[in-house]
Structure formats: C-alpha cells, structure tokens
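> Attaching a single structure in structure tokens format; questions to follow.
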Protein chains: 2
Amino acid sequence: MMSNSTDAYQQHDHHRCLKTALAQAKNRCIARKARLTPIRESVLHLLWQSHRPLGAYKIIDQLSEETGKRVLPPTVYRALDFLLELGLIHRLATLNAYIGCPFPDSAHSDCFLLCRECGSVAECSTANVNKSIASTAEQAGFLVESQTVEILGLCTPCQEKMPQPNKAKPIKPEADE
Amino acid sequence: MMSNSTDAYQQHDHHRCLKTALAQAKNRCIARKARLTPIRESVLHLLWQSHRPLGAYKIIDQLSEETGKRVLPPTVYRALDFLLELGLIHRLATLNAYIGCPFPDSAHSDCFLLCRECGSVAECSTANVNKSIASTAEQAGFLVESQTVEILGLCTPCQEKMPQPNKAKPIKPEADE
DNA sequence: GAATAAGTGTAATAATATAACAATCTTTAC
DNA sequence: GTAAAGATTGTTATATTATTACACTTATTC
C-alpha cells in the first residue's frame with residue numbers, strides 16, 4: 001500500500017513535502033511539455049501549505065492577499081483544471097475541495113482518508129480496494145473507468161485526543177453478501 | 001452482493017420499483033414515527049421516476065410544474081434532508097444529485113455504479129469493498145465512520161451499444177426534457 | 001382547546017463553478 | 001527578426017447548488 005498517512009496526520013518535516021511536490025510538478029510539466037506558470041505554481045504551493053484540502057474560494061482569497069490584487073474565480077479554476085489534468089492535485093467530491101497529490105508520478109486510483117476532526121487528508125493507493133471494486137463492478141457487468149473513494153473518520157492522533165472511550169461509531173455492519 | 005444493477009440498466013417493470021420503494025418508505029416512516037408528508041412523498045416519487053439521479057433544482061422545477069405553483073429551494077432541500085435522514089435516498093457527491101435507495105431496510109454501506117452514457121445508477125453493497133476499505137484504513141491507523149464510493153463507467157447495455165471506445169464525456173444527473 | 005412541536009412559505013444570500021469574449025504573452029514558422 | 005498561431009490570463013457576467021432566517025400554518029399532545 002502506498003500512503004502518506006503518517007505525514008498527513010503527524011508532526012513531520014512538511015517543508016520536504018512541499019519541496020518534493022514542487023519538484024515533481026516541474027518534472028511532470030517538462031515531461032508533458034506543459035507550462036507551470038506563476039499562477040499555477042502559486043496555486044499548487046497554496047495547496048501544499050498543509051495536508052488539509054482547500055476550497056477554490058479559499059485559494060482565491062489567499063492568492064488575492066498574496067498578490068495584493070483581486071484574483072477572480074476563472075483564474076483559479078483554470079489553474080486547478082490544469083493541475084488536475086496533470087495529476088498534480090485531486091478534487092475531493094465530498095468536500096468540494098482540492099489537495100495536492102503526493103504521488104503524481106505513479107498511476108494510481110485513489111482512496112482518501114478524511115479526518116473529520118483535524119481536517120487533514122491522507123491519500124492511499126491500495127490494490128485491495130481497487131480489486132474489490134473491480135470485482136464488484138464485474139459482477140454487475142459494469143466497466144469501470146474511474147472511481148471516487150472518500151473515507152470519513154478519525155486519524156490516529158485525533159482518536160487519541162478524543163476524551164470518550166466510545167470515540168466513534170464504526171460504519172454499519174454489512175447485511176449479507 | 002446486494003445490487004439493483006439489472007433493474008437499473010435494463011428494461012424492467014419499473015412500476016414495481018416505484019411501488020416497492022413507496023411501500024418501504026411508508027413502513028419506515030411508521031417505524032420511525034416520522035411523517036411522509038405530501039411534499040416528501042412527491043420528492044421521493046420524483047426520484048423514483050427512473051434510475052437516473054436528479055439534481056435538487058430539477059426536482060424543484062418538476063415539482064413546480066406538477067403543482068402549478070413555484071416551489072422554492074428550502075422546500076425541496078428540507079424534503080431531501082428528511083429522506084436522507086431516513087435512508088430512503090442517497091446523495092451522489094460526484095454528481096450533486098439524489099437517487100432513491102433500493103434497500104432502505106438493510107443497513108449497508110454503499111457503492112454506486114454510475115453509467116456515464118445512459119446516466120443510470122445502480123447501487124451495490126458488497127462486503128468485499130467494505131472489508132478492503134476497512135483494512136486499508138486500519139493500516140493507516142484510521143477509524144472509519146462513513147465512506148463514499150462512486151464508480152464511473154459504462155453499464156452492460158451501454159458497453160454493447162458502444163463498440164468505439166469513446167473518451168471522457170461527463171454524465172449529467174438527468175437530461176433536460 | 002390551548003400549548004407545543006413539526007412542517008411549510010418566503011425572501012435573501014452563501015458557496016461553488018462556468019461561459020464568453022477581450023487582452024496579453026509564448027512559441028513557431030518563415 | 002517578425003508575423004501568425006496558439007496558449008494563457010483578465011474581466012464581466014451568470015449558472016448551479018445549497019443555506020439562513022424568520023413568518024406562518026398544520027398536527028400532536030396534554
């Protein structure tokens with residue numbers, strides 16, 4: 001399993017995450033003959049400020065403040081589209097928010113772990129989830145093209161910080177197969 | 001595996017789907033001492049017109065037309081919230097749209113198969129997917145509370161209708177009529 | 001039958017995202 | 001080097017999805 005969960009939820013050298021992400025982005029742009037313009041790089045940089053996803057309008061506000069001039073929605077949405085296209089970021093459908101991809105170089109189907117307490121999101125890529133989804137789809141005669149898997153819950157540090165022993169309810173059990 | 005994929009994608013006695021869904025809804029409301037008011041029932045009925053999800057504003061438009069008076073967003077969103085709360089419908093995060101639940105009576109975590117061609121959506125509940133997600137989360141020390149799994153692709157009939165592999169064409173909740 | 005709770009009506013607005021077209025900057029072709 | 005073509009950005013306007021706040025009505029309870 002590929003995952004950035006330890007980085008995402010704990011104290012770590014985040015500067016390294018940022019640096020790596022920007023380096024990978026540059027490489028990827030060169031490989032694809034695409035231009036990482038200042039706006040695009042700024043948006044990517046903002047998304048790598050932390051492991052918490054940002055909504056488009058948060059990006060707009062932060063970028064406006066950074067540059068001192070009013071940045072308008074299309075500017076940011078275009079940058080986001082570009083970064084999505086190159087696989088440098090992801091959009092989280094359940095949050096309407098965006099986050100940097102820690103593994104832009106490896107083709108992968110994603111599984112996101114969204115901590116409802118601290119807001120941080122880790123990305124995993126697991127053969128198991130993909131296999132089970134593929135097999136489920138196959139049983140239904142369905143041809144998979146893309147998949148969205150977003151898991152809401154609590155990361156380890158937030159579980160430990162929860163006062164109650166009944167920290168959180170697990171998901172409902174399965175009826176039958 | 002529990003799934004309504006054969007119904008969802010093929011010719012079938014849809015009247016039966018509708019009838020079952022409404023009957024289940026009534027039972028569930030009685031069990032929960034909740035009221036299936038005319039508005040709520042109308043919204044549920046609209047969502048069971050087909051196996052294609054409907055956006056909230058499509059529901060608003062259809063309900064306005066049905067009743068001859070302008071139905072406003074809060075009316076519909078309140079009905080949707082009620083139906084979601086009772087597990088009678090689901091919200092599809094990737095489409096911002098709503099769809100009737102074929103299995104309101106069995107506690108389940110859901111997996112949706114969204115056909116990008118015909119727009120129909122089937123719901124599956126599979127222990128395998130849940131197990132693989134649980135195991136992935138566990139490896140990351142993450143406590144799962146809820147999950148969103150939406151799979152985009154082609155249903156069997158649409159695969160057969162489409163020998164030419166067509167590329168990305170985003171599906172819409174419902175075609176305009 | 002009054003008190004309370006639940007549900008609905010209405011106006012306004014928030015939050016997220018896109019369309020359309022003009023202006024500018026980069027790259028390419030000559 | 002320069003003009004044409006293409007890519008990127010600026011700008012205005014608007015579409016789409018969802019919520020807040022408060023007034024009013026209907027149903028339930030005692």
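Each chain in the structure tokens gets a letter, A, B, ..., in the order shown, and its residues are numbered from 1; ligands are numbered from 1 in order too.
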From the DSSP assignment of the backbone, select every residue of chain A that is alpha helix (DSSP H), and format the answer as a PyMOL selection string.
chain A and resi 5-9+14-32+38-47+56-67+73-85+127-139+156-161
> Counting only C-alpha atoms (C1' of nucleotides), which residues of chain D fall within 10 Å of chain A, and what is the closest atom pair for each with its distance in Å at one decimal, ordered by chain and rising number, as a Markdown table?

| residue | atom | partner | partner_atom | distance |
| --- | --- | --- | --- | --- |
| D:DA7 | C1' | A:Arg35 | CA | 9.6 |
| D:DT8 | C1' | A:Thr37 | CA | 8.8 |
| D:DT9 | C1' | A:Thr75 | CA | 7.2 |
| D:DG10 | C1' | A:Thr75 | CA | 8.3 |
| D:DT11 | C1' | A:Leu72 | CA | 8.5 |
> Could you tell me how far CA of Val144 (chain B) lies from CA of Phe142 (chain A), in Å and to one decimal?
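Distance between the two atoms: 26.7 Å.
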> So how many Å separate CA of Cys118 (chain B) and CA of Cys158 (chain B), to one decimal?
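Separating CA of Cys118 (chain B) from CA of Cys158 (chain B) is a distance of 7.0 Å.
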> Just the number, please: distance in Å from CA of Thr67 (chain B) to CA of Cys29 (chain B), one decimal.
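Between CA of Thr67 (chain B) and CA of Cys29 (chain B) the gap is 23.7 Å.
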> List as a tab-separated table every residue of chain C that is in contact with chain A, defined as an atom at most 9 Å from one of its atoms (using only C-alpha atoms (C1' of nucleotides)), together with the nearest atom pair and the distance in Å rounded to one decimal, sorted by chain and then rising number.

residue	atom	partner	partner_atom	distance
C:DA15	C1'	A:Tyr57	CA	8.4
C:DT16	C1'	A:Asn96	CA	7.7
C:DA17	C1'	A:Tyr77	CA	8.1
C:DT18	C1'	A:Pro74	CA	8.0
> Using only C-alpha atoms, I'd like every residue of chain A that has an atom within 6 Å of chain B; please write them out as a list of chain:residue names.
A:Ser5, A:Ala93, A:Thr94, A:Asn128, A:Val129, A:Ser132, A:Ala140, A:Gly141, A:Phe142, A:Leu143, A:Val144, A:Glu145, A:Ser146, A:Gln147, A:Thr148, A:Val149, A:Glu150, A:Ile151, A:Leu152, A:Gly153, A:Leu154, A:Cys155, A:Thr156, A:Pro170, A:Ile171, A:Glu174, A:Glu177
> Need the shell around DC30 (chain C): protein/DNA/RNA residues with any atom at most 12 Å away, counting only C-alpha atoms (C1' of nucleotides). Skip same-chain ones fewer than 6 positions apart. Format as a count of residues only?
4
> Write out as a PDB file with C-alpha atoms, in the first residue's frame which residues come within 12 Å of Leu47 (chain A) when counting only C-alpha atoms (C1' of nucleotides), dropping same-chain ones fewer than 2 positions away.

ATOM      1  CA  CYS A  17       6.589  17.512   1.322  1.00  0.00           C
ATOM      2  CA  LEU A  18       6.275  20.899  -0.301  1.00  0.00           C
ATOM      3  CA  ALA A  21       5.761  18.211  -4.636  1.00  0.00           C
ATOM      4  CA  LEU A  22       7.038  21.273  -6.434  1.00  0.00           C
ATOM      5  CA  ARG A  40      -0.322  27.606 -11.465  1.00  0.00           C
ATOM      6  CA  GLU A  41       2.703  27.249  -9.256  1.00  0.00           C
ATOM      7  CA  SER A  42       1.187  29.578  -6.670  1.00  0.00           C
ATOM      8  CA  VAL A  43      -1.986  27.527  -6.545  1.00  0.00           C
ATOM      9  CA  LEU A  44      -0.016  24.317  -6.176  1.00  0.00           C
ATOM     10  CA  HIS A  45       2.092  25.934  -3.490  1.00  0.00           C
ATOM     11  CA  GLN A  49       0.746  24.561   2.661  1.00  0.00           C
ATOM     12  CA  SER A  50      -0.640  21.685   4.664  1.00  0.00           C
ATOM     13  CA  HIS A  51      -2.363  18.336   4.280  1.00  0.00           C
ATOM     14  CA  ARG A  52      -5.773  19.958   4.607  1.00  0.00           C
ATOM     15  CA  PRO A  53      -7.695  20.451   1.397  1.00  0.00           C
ATOM     16  CA  LEU A  54      -8.636  23.951   0.313  1.00  0.00           C
ATOM     17  CA  GLY A  55     -11.820  25.132  -1.355  1.00  0.00           C
ATOM     18  CA  ALA A  56     -11.481  27.117  -4.569  1.00  0.00           C
ATOM     19  CA  LYS A  58     -10.149  29.936  -0.111  1.00  0.00           C
ATOM     20  CA  ILE A  59      -7.479  29.747  -2.761  1.00  0.00           C
ATOM     21  CA  ILE A  60      -8.902  32.816  -4.429  1.00  0.00           C
ATOM     22  CA  GLN A  62      -5.293  33.647  -0.240  1.00  0.00           C
ATOM     23  CA  LEU A  63      -3.999  34.369  -3.699  1.00  0.00           C
ATOM     24  CA  VAL A  76      -8.019  29.910 -10.054  1.00  0.00           C
ATOM     25  CA  ALA A  79      -5.095  26.692 -12.667  1.00  0.00           C
ATOM     26  CA  LEU A  80      -6.935  23.936 -10.786  1.00  0.00           C
ATOM     27  CA  LEU A  83      -3.153  20.799 -12.148  1.00  0.00           C
ATOM     28  CA  LEU A  88      -0.688  17.049  -9.571  1.00  0.00           C
ATOM     29  CA  ILE A  89      -3.731  17.627  -7.425  1.00  0.00           C
ATOM     30  CA  HIS A  90      -7.037  15.934  -6.669  1.00  0.00           C
ATOM     31  CA  ARG A  91     -10.534  17.210  -6.143  1.00  0.00           C
ATOM     32  CA  ALA A  97     -12.090  20.994  -2.134  1.00  0.00           C
ATOM     33  CA  TYR A  98      -8.678  20.401  -3.620  1.00  0.00           C
ATOM     34  CA  ILE A  99      -5.490  18.824  -2.332  1.00  0.00           C
ATOM     35  CA  GLY A 100      -2.016  18.182  -3.621  1.00  0.00           C
ATOM     36  CA  CYS A 101      -1.240  14.700  -4.840  1.00  0.00           C
ATOM     37  CA  PRO A 102       1.752  13.133  -3.079  1.00  0.00           C
ATOM     38  CA  SER A 120      -6.179  16.568   7.247  1.00  0.00           C
ATOM     39  CA  VAL A 121      -6.451  14.167   4.367  1.00  0.00           C
TER      40      VAL A 121
END
> Hey, what's within 9 Å of Leu86 (chain A) if we count only C-alpha atoms (C1' of nucleotides) and toss same-chain stuff fewer than 5 positions away? As a PDB file with all heavy atoms, in the first residue's frame, please?

ATOM      1  N   ALA A  25       6.253  18.396  -9.692  1.00  0.00           N
ATOM      2  CA  ALA A  25       5.399  19.159 -10.605  1.00  0.00           C
ATOM      3  C   ALA A  25       6.218  19.689 -11.772  1.00  0.00           C
ATOM      4  O   ALA A  25       5.810  19.595 -12.939  1.00  0.00           O
ATOM      5  CB  ALA A  25       4.731  20.309  -9.856  1.00  0.00           C
ATOM      6  N   ARG A  28       7.125  16.895 -14.104  1.00  0.00           N
ATOM      7  CA  ARG A  28       5.956  16.418 -14.836  1.00  0.00           C
ATOM      8  C   ARG A  28       5.572  17.389 -15.962  1.00  0.00           C
ATOM      9  O   ARG A  28       5.177  16.978 -17.047  1.00  0.00           O
ATOM     10  CB  ARG A  28       4.791  16.268 -13.872  1.00  0.00           C
ATOM     11  CG  ARG A  28       3.740  15.317 -14.355  1.00  0.00           C
ATOM     12  CD  ARG A  28       2.874  14.844 -13.205  1.00  0.00           C
ATOM     13  NE  ARG A  28       1.808  13.999 -13.678  1.00  0.00           N
ATOM     14  CZ  ARG A  28       1.971  12.761 -14.103  1.00  0.00           C
ATOM     15  NH1 ARG A  28       3.179  12.234 -14.107  1.00  0.00           N
ATOM     16  NH2 ARG A  28       0.952  12.065 -14.529  1.00  0.00           N
ATOM     17  N   CYS A  29       5.728  18.657 -15.691  1.00  0.00           N
ATOM     18  CA  CYS A  29       5.412  19.663 -16.706  1.00  0.00           C
ATOM     19  C   CYS A  29       6.383  19.565 -17.871  1.00  0.00           C
ATOM     20  O   CYS A  29       5.985  19.673 -19.036  1.00  0.00           O
ATOM     21  CB  CYS A  29       5.450  21.058 -16.099  1.00  0.00           C
ATOM     22  SG  CYS A  29       3.986  21.407 -15.113  1.00  0.00           S
ATOM     23  N   ARG A  32       5.525  16.590 -19.930  1.00  0.00           N
ATOM     24  CA  ARG A  32       4.294  16.743 -20.703  1.00  0.00           C
ATOM     25  C   ARG A  32       4.325  17.987 -21.594  1.00  0.00           C
ATOM     26  O   ARG A  32       3.292  18.351 -22.181  1.00  0.00           O
ATOM     27  CB  ARG A  32       3.090  16.861 -19.751  1.00  0.00           C
ATOM     28  CG  ARG A  32       2.881  15.648 -18.876  1.00  0.00           C
ATOM     29  CD  ARG A  32       2.077  14.587 -19.594  1.00  0.00           C
ATOM     30  NE  ARG A  32       1.338  13.790 -18.630  1.00  0.00           N
ATOM     31  CZ  ARG A  32       0.057  14.008 -18.301  1.00  0.00           C
ATOM     32  NH1 ARG A  32      -0.632  14.971 -18.878  1.00  0.00           N
ATOM     33  NH2 ARG A  32      -0.533  13.249 -17.409  1.00  0.00           N
ATOM     34  N   ALA A  34       4.243  21.014 -20.697  1.00  0.00           N
ATOM     35  CA  ALA A  34       3.225  21.939 -20.204  1.00  0.00           C
ATOM     36  C   ALA A  34       3.927  23.013 -19.383  1.00  0.00           C
ATOM     37  O   ALA A  34       5.043  22.799 -18.906  1.00  0.00           O
ATOM     38  CB  ALA A  34       2.223  21.193 -19.332  1.00  0.00           C
ATOM     39  N   ASP A  81      -7.823  23.301 -12.955  1.00  0.00           N
ATOM     40  CA  ASP A  81      -8.069  22.368 -14.061  1.00  0.00           C
ATOM     41  C   ASP A  81      -6.750  21.856 -14.635  1.00  0.00           C
ATOM     42  O   ASP A  81      -6.603  20.670 -14.917  1.00  0.00           O
ATOM     43  CB  ASP A  81      -8.877  23.055 -15.169  1.00  0.00           C
ATOM     44  CG  ASP A  81     -10.331  23.244 -14.755  1.00  0.00           C
ATOM     45  OD1 ASP A  81     -10.761  22.610 -13.776  1.00  0.00           O
ATOM     46  OD2 ASP A  81     -11.025  24.043 -15.397  1.00  0.00           O
ATOM     47  N   PRO A 104       2.286  11.980  -7.747  1.00  0.00           N
ATOM     48  CA  PRO A 104       1.849  12.310  -9.107  1.00  0.00           C
ATOM     49  C   PRO A 104       2.488  11.416 -10.163  1.00  0.00           C
ATOM     50  O   PRO A 104       1.957  11.281 -11.258  1.00  0.00           O
ATOM     51  CB  PRO A 104       2.288  13.770  -9.283  1.00  0.00           C
ATOM     52  CG  PRO A 104       3.388  13.960  -8.302  1.00  0.00           C
ATOM     53  CD  PRO A 104       3.087  13.056  -7.161  1.00  0.00           C
TER      54      PRO A 104
END
